[in-house]
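Source file final.cif; content: mmCIF, C-alpha atoms, pLDDT in the B column; chains and numbers go by the auth columns.
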```cif
data_structure
loop_
_atom_site.group_PDB
_atom_site.id
_atom_site.type_symbol
_atom_site.label_atom_id
_atom_site.label_comp_id
_atom_site.label_asym_id
_atom_site.label_seq_id
_atom_site.Cartn_x
_atom_site.Cartn_y
_atom_site.Cartn_z
_atom_site.B_iso_or_equiv
_atom_site.auth_seq_id
_atom_site.auth_asym_id
ATOM 1 C CA MET A 1 -170.601 -58.515 20.848 52.00 1 X
ATOM 2 C CA ALA A 2 -170.551 -61.417 23.329 60.00 2 X
ATOM 3 C CA ALA A 3 -167.921 -59.636 25.413 61.00 3 X
ATOM 4 C CA GLY A 4 -170.208 -56.620 25.739 63.00 4 X
ATOM 5 C CA ARG A 5 -173.100 -58.790 26.944 71.00 5 X
ATOM 6 C CA SER A 6 -170.997 -60.625 29.518 70.00 6 X
ATOM 7 C CA ALA A 7 -169.576 -57.303 30.757 68.00 7 X
ATOM 8 C CA GLY A 8 -173.144 -56.040 31.148 72.00 8 X
ATOM 9 C CA ARG A 9 -174.124 -59.169 33.065 77.00 9 X
ATOM 10 C CA LEU A 10 -171.056 -58.874 35.271 72.00 10 X
ATOM 11 C CA TYR A 11 -171.995 -55.273 36.038 68.00 11 X
ATOM 12 C CA MET A 12 -175.545 -56.329 36.969 75.00 12 X
ATOM 13 C CA VAL A 13 -174.220 -59.124 39.226 69.00 13 X
ATOM 14 C CA TRP A 14 -171.878 -56.605 40.878 64.00 14 X
ATOM 15 C CA GLN A 15 -174.754 -54.186 41.523 68.00 15 X
ATOM 16 C CA VAL A 16 -176.884 -56.958 43.052 69.00 16 X
ATOM 17 C CA PHE A 17 -173.921 -57.999 45.238 66.00 17 X
ATOM 18 C CA ILE A 18 -173.453 -54.413 46.428 63.00 18 X
ATOM 19 C CA GLN A 19 -177.134 -54.025 47.298 63.00 19 X
ATOM 20 C CA ALA A 20 -177.334 -57.423 49.014 63.00 20 X
ATOM 21 C CA HIS A 21 -174.229 -56.898 51.145 61.00 21 X
ATOM 22 C CA ALA A 22 -174.723 -53.310 52.306 64.00 22 X
ATOM 23 C CA LEU A 23 -175.111 -52.974 56.062 66.00 23 X
ATOM 24 C CA GLU A 24 -177.532 -50.294 57.181 67.00 24 X
ATOM 25 C CA TRP A 25 -178.278 -48.972 60.677 66.00 25 X
ATOM 26 C CA GLY A 26 -181.253 -46.656 60.839 65.00 26 X
ATOM 27 C CA LYS A 27 -182.851 -44.948 57.867 68.00 27 X
ATOM 28 C CA THR A 28 -181.958 -41.288 58.305 69.00 28 X
ATOM 29 C CA GLY A 29 -180.478 -38.986 60.842 71.00 29 X
ATOM 30 C CA PHE A 30 -177.344 -38.488 62.870 71.00 30 X
ATOM 31 C CA PHE A 31 -177.225 -42.038 64.288 70.00 31 X
ATOM 32 C CA SER A 32 -177.863 -43.882 61.008 75.00 32 X
ATOM 33 C CA TYR A 33 -175.002 -45.376 58.999 73.00 33 X
ATOM 34 C CA VAL A 34 -174.467 -47.497 55.892 75.00 34 X
ATOM 35 C CA ILE A 35 -171.477 -49.673 55.004 76.00 35 X
ATOM 36 C CA SER A 36 -171.268 -50.695 51.359 77.00 36 X
ATOM 37 C CA PHE A 37 -168.853 -52.309 48.895 76.00 37 X
ATOM 38 C CA HIS A 38 -169.691 -49.669 46.291 78.00 38 X
ATOM 39 C CA PRO A 39 -166.444 -48.176 44.894 82.00 39 X
ATOM 40 C CA ASP A 40 -167.664 -44.618 45.482 83.00 40 X
ATOM 41 C CA PHE A 41 -168.351 -45.387 49.145 83.00 41 X
ATOM 42 C CA LEU A 42 -165.003 -47.141 49.600 88.00 42 X
ATOM 43 C CA LEU A 43 -163.014 -44.322 47.966 93.00 43 X
ATOM 44 C CA HIS A 44 -164.882 -41.692 49.966 89.00 44 X
ATOM 45 C CA LYS A 45 -164.145 -43.455 53.264 91.00 45 X
ATOM 46 C CA LEU A 46 -160.524 -44.118 52.241 95.00 46 X
ATOM 47 C CA GLY A 47 -160.169 -40.383 51.625 94.00 47 X
ATOM 48 C CA HIS A 48 -161.472 -39.672 55.131 93.00 48 X
ATOM 49 C CA ILE A 49 -159.045 -42.208 56.617 96.00 49 X
ATOM 50 C CA VAL A 50 -156.031 -40.751 54.805 97.00 50 X
ATOM 51 C CA VAL A 51 -156.868 -37.106 55.503 97.00 51 X
ATOM 52 C CA PHE A 52 -157.745 -37.579 59.163 97.00 52 X
ATOM 53 C CA GLY A 53 -154.810 -39.938 59.658 97.00 53 X
ATOM 54 C CA LEU A 54 -152.413 -37.289 58.372 97.00 54 X
ATOM 55 C CA LEU A 55 -154.236 -34.650 60.396 97.00 55 X
ATOM 56 C CA GLY A 56 -153.844 -36.815 63.490 97.00 56 X
ATOM 57 C CA VAL A 57 -150.077 -37.120 62.999 97.00 57 X
ATOM 58 C CA ALA A 58 -149.774 -33.372 62.387 97.00 58 X
ATOM 59 C CA LEU A 59 -151.812 -32.657 65.519 97.00 59 X
ATOM 60 C CA TYR A 60 -149.640 -35.105 67.462 97.00 60 X
ATOM 61 C CA TYR A 61 -146.634 -32.911 66.801 96.00 61 X
ATOM 62 C CA ALA A 62 -148.603 -29.682 67.221 97.00 62 X
ATOM 63 C CA CYS A 63 -149.720 -30.891 70.675 96.00 63 X
ATOM 64 C CA ASP A 64 -146.139 -31.598 71.840 95.00 64 X
ATOM 65 C CA GLU A 65 -146.496 -35.346 71.205 93.00 65 X
ATOM 66 C CA GLN A 66 -149.470 -35.748 73.516 95.00 66 X
ATOM 67 C CA ARG A 67 -151.589 -38.514 71.995 95.00 67 X
ATOM 68 C CA ARG A 68 -154.825 -37.886 73.878 96.00 68 X
ATOM 69 C CA ARG A 69 -154.797 -34.178 73.126 97.00 69 X
ATOM 70 C CA ALA A 70 -154.098 -34.850 69.438 97.00 70 X
ATOM 71 C CA VAL A 71 -156.929 -37.395 69.192 97.00 71 X
ATOM 72 C CA PHE A 72 -159.261 -34.992 71.012 98.00 72 X
ATOM 73 C CA TRP A 73 -158.518 -32.213 68.509 98.00 73 X
ATOM 74 C CA ALA A 74 -158.915 -34.634 65.592 98.00 74 X
ATOM 75 C CA MET A 75 -162.349 -35.513 66.989 97.00 75 X
ATOM 76 C CA VAL A 76 -163.195 -31.802 67.243 97.00 76 X
ATOM 77 C CA PHE A 77 -162.195 -31.337 63.581 97.00 77 X
ATOM 78 C CA ALA A 78 -164.250 -34.404 62.581 97.00 78 X
ATOM 79 C CA ALA A 79 -167.303 -33.102 64.451 96.00 79 X
ATOM 80 C CA GLY A 80 -166.851 -29.683 62.831 96.00 80 X
ATOM 81 C CA ASP A 81 -166.634 -31.304 59.405 94.00 81 X
ATOM 82 C CA GLU A 82 -169.847 -33.236 60.025 93.00 82 X
ATOM 83 C CA TRP A 83 -171.600 -30.177 61.420 94.00 83 X
ATOM 84 C CA HIS A 84 -170.653 -28.290 58.252 94.00 84 X
ATOM 85 C CA GLN A 85 -171.993 -31.147 56.102 90.00 85 X
ATOM 86 C CA ALA A 86 -175.369 -30.830 57.822 90.00 86 X
ATOM 87 C CA TYR A 87 -175.798 -27.499 56.012 93.00 87 X
ATOM 88 C CA VAL A 88 -174.582 -28.664 52.583 92.00 88 X
ATOM 89 C CA PRO A 89 -177.369 -29.824 50.232 93.00 89 X
ATOM 90 C CA GLY A 90 -177.035 -33.509 49.373 86.00 90 X
ATOM 91 C CA ARG A 91 -174.707 -34.232 52.325 85.00 91 X
ATOM 92 C CA SER A 92 -175.497 -35.603 55.748 84.00 92 X
ATOM 93 C CA CYS A 93 -174.130 -35.399 59.273 87.00 93 X
ATOM 94 C CA ARG A 94 -173.399 -38.833 60.782 88.00 94 X
ATOM 95 C CA LEU A 95 -171.953 -39.952 64.094 91.00 95 X
ATOM 96 C CA GLY A 96 -170.337 -42.922 62.332 90.00 96 X
ATOM 97 C CA ASP A 97 -168.199 -40.583 60.247 92.00 97 X
ATOM 98 C CA ILE A 98 -166.979 -38.779 63.378 95.00 98 X
ATOM 99 C CA VAL A 99 -166.050 -42.151 64.885 94.00 99 X
ATOM 100 C CA LEU A 100 -164.303 -43.270 61.672 95.00 100 X
ATOM 101 C CA ASP A 101 -162.316 -40.041 61.394 96.00 101 X
ATOM 102 C CA THR A 102 -161.307 -40.131 65.065 97.00 102 X
ATOM 103 C CA LEU A 103 -160.244 -43.782 64.830 97.00 103 X
ATOM 104 C CA ALA A 104 -158.237 -43.030 61.695 97.00 104 X
ATOM 105 C CA ALA A 105 -156.376 -40.265 63.503 98.00 105 X
ATOM 106 C CA ALA A 106 -155.738 -42.447 66.576 98.00 106 X
ATOM 107 C CA LEU A 107 -154.526 -45.424 64.528 97.00 107 X
ATOM 108 C CA CYS A 108 -152.227 -43.301 62.383 97.00 108 X
ATOM 109 C CA ILE A 109 -150.739 -41.666 65.483 97.00 109 X
ATOM 110 C CA TRP A 110 -150.146 -45.139 66.935 97.00 110 X
ATOM 111 C CA ALA A 111 -148.566 -46.400 63.683 96.00 111 X
ATOM 112 C CA TRP A 112 -146.395 -43.286 63.420 96.00 112 X
ATOM 113 C CA ARG A 113 -145.149 -43.754 66.988 95.00 113 X
ATOM 114 C CA GLN A 114 -144.365 -47.419 66.296 95.00 114 X
ATOM 115 C CA LEU A 115 -142.338 -46.440 63.222 94.00 115 X
ATOM 116 C CA ALA A 116 -140.520 -43.767 65.212 90.00 116 X
ATOM 117 C CA LYS A 117 -139.643 -46.292 67.945 89.00 117 X
ATOM 118 C CA LYS A 118 -138.222 -48.719 65.353 87.00 118 X
ATOM 119 C CA ARG A 119 -136.275 -45.929 63.701 86.00 119 X
ATOM 120 C CA ILE A 120 -134.787 -44.855 67.045 85.00 120 X
ATOM 121 C CA ALA A 121 -134.009 -48.454 68.055 84.00 121 X
ATOM 122 C CA GLY A 122 -132.325 -49.044 64.679 78.00 122 X
ATOM 123 C CA SER A 123 -130.061 -45.980 65.006 68.00 123 X
#
```
Would you mind giving the structure from this file in structure tokens?
Amino acid sequence: MAAGRSAGRLYMVWQVFIQAHALEWGKTGFFSYVISFHPDFLLHKLGHIVVFGLLGVALYYACDEQRRRAVFWAMVFAAGDEWHQAYVPGRSCRLGDIVLDTLAAALCIWAWRQLAKKRIAGS
């Protein structure tokens, strides 16, 4: 019984921590953004990073290993994804998500190129 109460208290402390440490820019609209420690938020953003990172690497090869072109097309896909979300009930269209997705693609392309350079140098 005591373990159940302390788990409940721990959950309440965690919820207060999440609310107290969320960063929020703007209230609503395209230019507003929220950063939170909530597990749902973190997993959602991690999913965006993984998917757009892999998309960036795929586009890198599809664009004949031209980084700028690949990042441009990743940004176009990110903007299209956000535009689509503007029409889905319960979802929102945010500039911050476009920036996050584009940065994820650019960083994954950079990391992939660094790994390829090490692999070639090690051969």
**Request:** Apply the PyMOL selection byres ((chain X and resi 59-76) around 12) to the displayed file and report the matching residues as an NGL selection string.
**Result:** :X and (48-49 or 51-58 or 77-83 or 95-113 or 116)
**Message:** Please report the interatomic distance between atom CA of X:Ala86 and atom CA of X:Lys45 in Å with one decimal.
**Reply:** 17.5 Å
**Request:** Record the distance separating atom CA of X:Ser32 and atom CA of X:Cys93, expressed in Å with one decimal.
**Result:** 9.4 Å
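Of the residues listed (X:His84, X:Arg119, X:Arg9, X:Arg94), X:Arg94 shows the shortest atom-to-atom separation from X:Phe30; distances use all atoms listed in the file.
Atom to atom, atom CA of X:Val34 and atom CA of X:Gly47 stand 16.5 Å apart.
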